[in-house]
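Peer 1: My questions will all concern the structure given below.
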Amino acid sequence: MRKKIVAGNWKMNKTAEEALILASEVANMVKDEVSTDVTVVIASPSLYLSTLTKYAEPVVNLGISAQNCHQKASGAYTGEISAPMLKSIGVEYVILGHSERRQYFGETNEQLAEKVNISLENGLTPIFCCGESLEQRNAPGYLEFVASQLTDSLFHLSAEDFGKVVIAYEPIWAIGTGVTASSEQAQEMHAFLRAHIATKYGQEVADNTSILYGGSCNEKNAPELFAREDIDGGLIGGASLKSREFVNIAKSF
């Protein structure tokens, strides 16, 4: 049985005081209201991670994620944060390959393969993002384009290691735009990616892979999205900055 996961990506938001308030609210709500068969993940700016892990410790189904990590374990990479550093402060997850990292920082599929490797070596669960722009969406082969991101960055893994990865499909044309892929569009891509995984690793591995939807998901559309057969939760952006709405999304299954 694959995991149901709702992860909140705070991106570059919240002061220290605001972050503590939001994390405290989410932790208390998750503990009191969210079924333990749903895992809730907070991906805060790295500055707050060590503090936020303490909020998650008492809550069995709450985890903390970084928004990125470097592909090397250590070295002269000023300003970067490594997977061993994240592991040492109790972080469990790391988002890799978010469209903003690809677009603004030029991350390639090859770099992301290295980041996946170092994350797994340090016991972190990668939340691997994939998705297409509006231009790519409107061109032939958009399904294959997104599948190629998995092929290039993940398909070198053993079946055992691949089974430790969470996939997050994010249609770039629906991130922060207020436009959401319909549940039919999201299901089409999720089913295609699951079938693509099966061609490499077999149906059992594919059936056990959690594939999240990320793209203007909110408390109003989450129930319809999460009801789809191949959608196992969400990677939530703006809505994760409001504790009540974020937890309501986690209760949408």
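Chain labels follow the order of the structure tokens: the first chain is A, the next B, and so on; residue numbering restarts at 1 in every chain, and ligands are counted from 1 in their shown order.
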Could you pull out the residues in stretch 1-232 of chain A that DSSP calls strand (DSSP E) from the backbone, as a ChimeraX atom specification?
Peer 2: /A:4-9,38-43,62-66,93-96,125-130,166-169,211-213
Peer 1: Might you pull out every residue within 9 Å of stretch 37-42 of chain A, with only C-alpha atoms counted and same-chain residues fewer than 2 positions away left off, and present them as a list in words?
Peer 2: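 That gives Lys3, Lys4, Ile5, Val6, Ala7, Gly8, Asn9, Trp10, Ala23, Val26, Val30, Val34, Ser35, Ser44, Leu52, Val60, Asn61, Leu62, Gly63, Ile64, Ser65, Ala66, Tyr93, Gly233, Ser240, Val247, Ala250, Lys251 and Phe253 of chain A.
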Peer 1: For the selection you just gave me, I'd like the residues written to a file as a short mmCIF file (atom, residue, chain, number, x, y, z; two decimals), in the first residue's frame, keeping C-alpha atoms.
Peer 2:
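Written out: result-v4.cif:
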data_model
loop_
_atom_site.label_atom_id
_atom_site.label_comp_id
_atom_site.auth_asym_id
_atom_site.auth_seq_id
_atom_site.Cartn_x
_atom_site.Cartn_y
_atom_site.Cartn_z
CA LYS A 3 1.70 6.23 1.31
CA LYS A 4 -0.69 9.16 1.26
CA ILE A 5 1.43 12.30 1.60
CA VAL A 6 0.68 16.01 1.79
CA ALA A 7 3.84 18.13 1.75
CA GLY A 8 3.90 21.90 2.22
CA ASN A 9 6.64 23.81 0.40
CA TRP A 10 7.00 27.17 2.13
CA ALA A 23 4.81 25.09 12.49
CA VAL A 26 0.28 22.73 11.94
CA VAL A 30 -2.07 17.30 12.57
CA VAL A 34 -5.25 14.08 10.73
CA SER A 35 -5.49 10.32 10.41
CA SER A 44 10.59 25.17 5.41
CA LEU A 52 11.12 22.64 13.28
CA VAL A 60 3.90 10.44 14.54
CA ASN A 61 2.71 11.45 11.06
CA LEU A 62 4.53 14.79 10.72
CA GLY A 63 7.89 15.07 8.97
CA ILE A 64 10.30 17.88 8.09
CA SER A 65 11.80 18.42 4.65
CA ALA A 66 14.50 20.59 3.13
CA TYR A 93 12.83 14.50 3.39
CA GLY A 233 -1.46 13.43 -2.23
CA SER A 240 0.75 25.54 2.99
CA VAL A 247 -4.37 20.80 7.36
CA ALA A 250 -4.34 16.82 4.46
CA LYS A 251 -7.81 15.77 5.63
CA PHE A 253 -8.59 11.87 1.48
#
Peer 1: What lies within 12 Å of A:Ala16 using only C-alpha atoms, ignoring chain neighbours under 4 positions off, as a VMD selection string?
Peer 2: chain A and resid 12 20 to 23 44 to 52
Peer 1: Atom CA of A:Thr180 and atom CA of A:Ser99 are how many Å apart?
Peer 2: 15.8 Å
Peer 1: Could you pull the residues within 10 Å of stretch 211-213 of chain A, counting only C-alpha atoms, minus those fewer than 3 positions along the same chain, as a PyMOL selection string?
Peer 2: chain A and resi 2-7+127-129+165-171+181+183+186-187+189-191+193-194+206-208+216-217+222+225-226+230-236
Peer 1: Extract, using only C-alpha atoms, all DNA, RNA and protein residues at most 6 Å from A:Ile95, discarding same-chain residues fewer than 3 positions from it, and format them as JSON, numbers by chain.
Peer 2: {"A": [67, 68, 126, 127]}
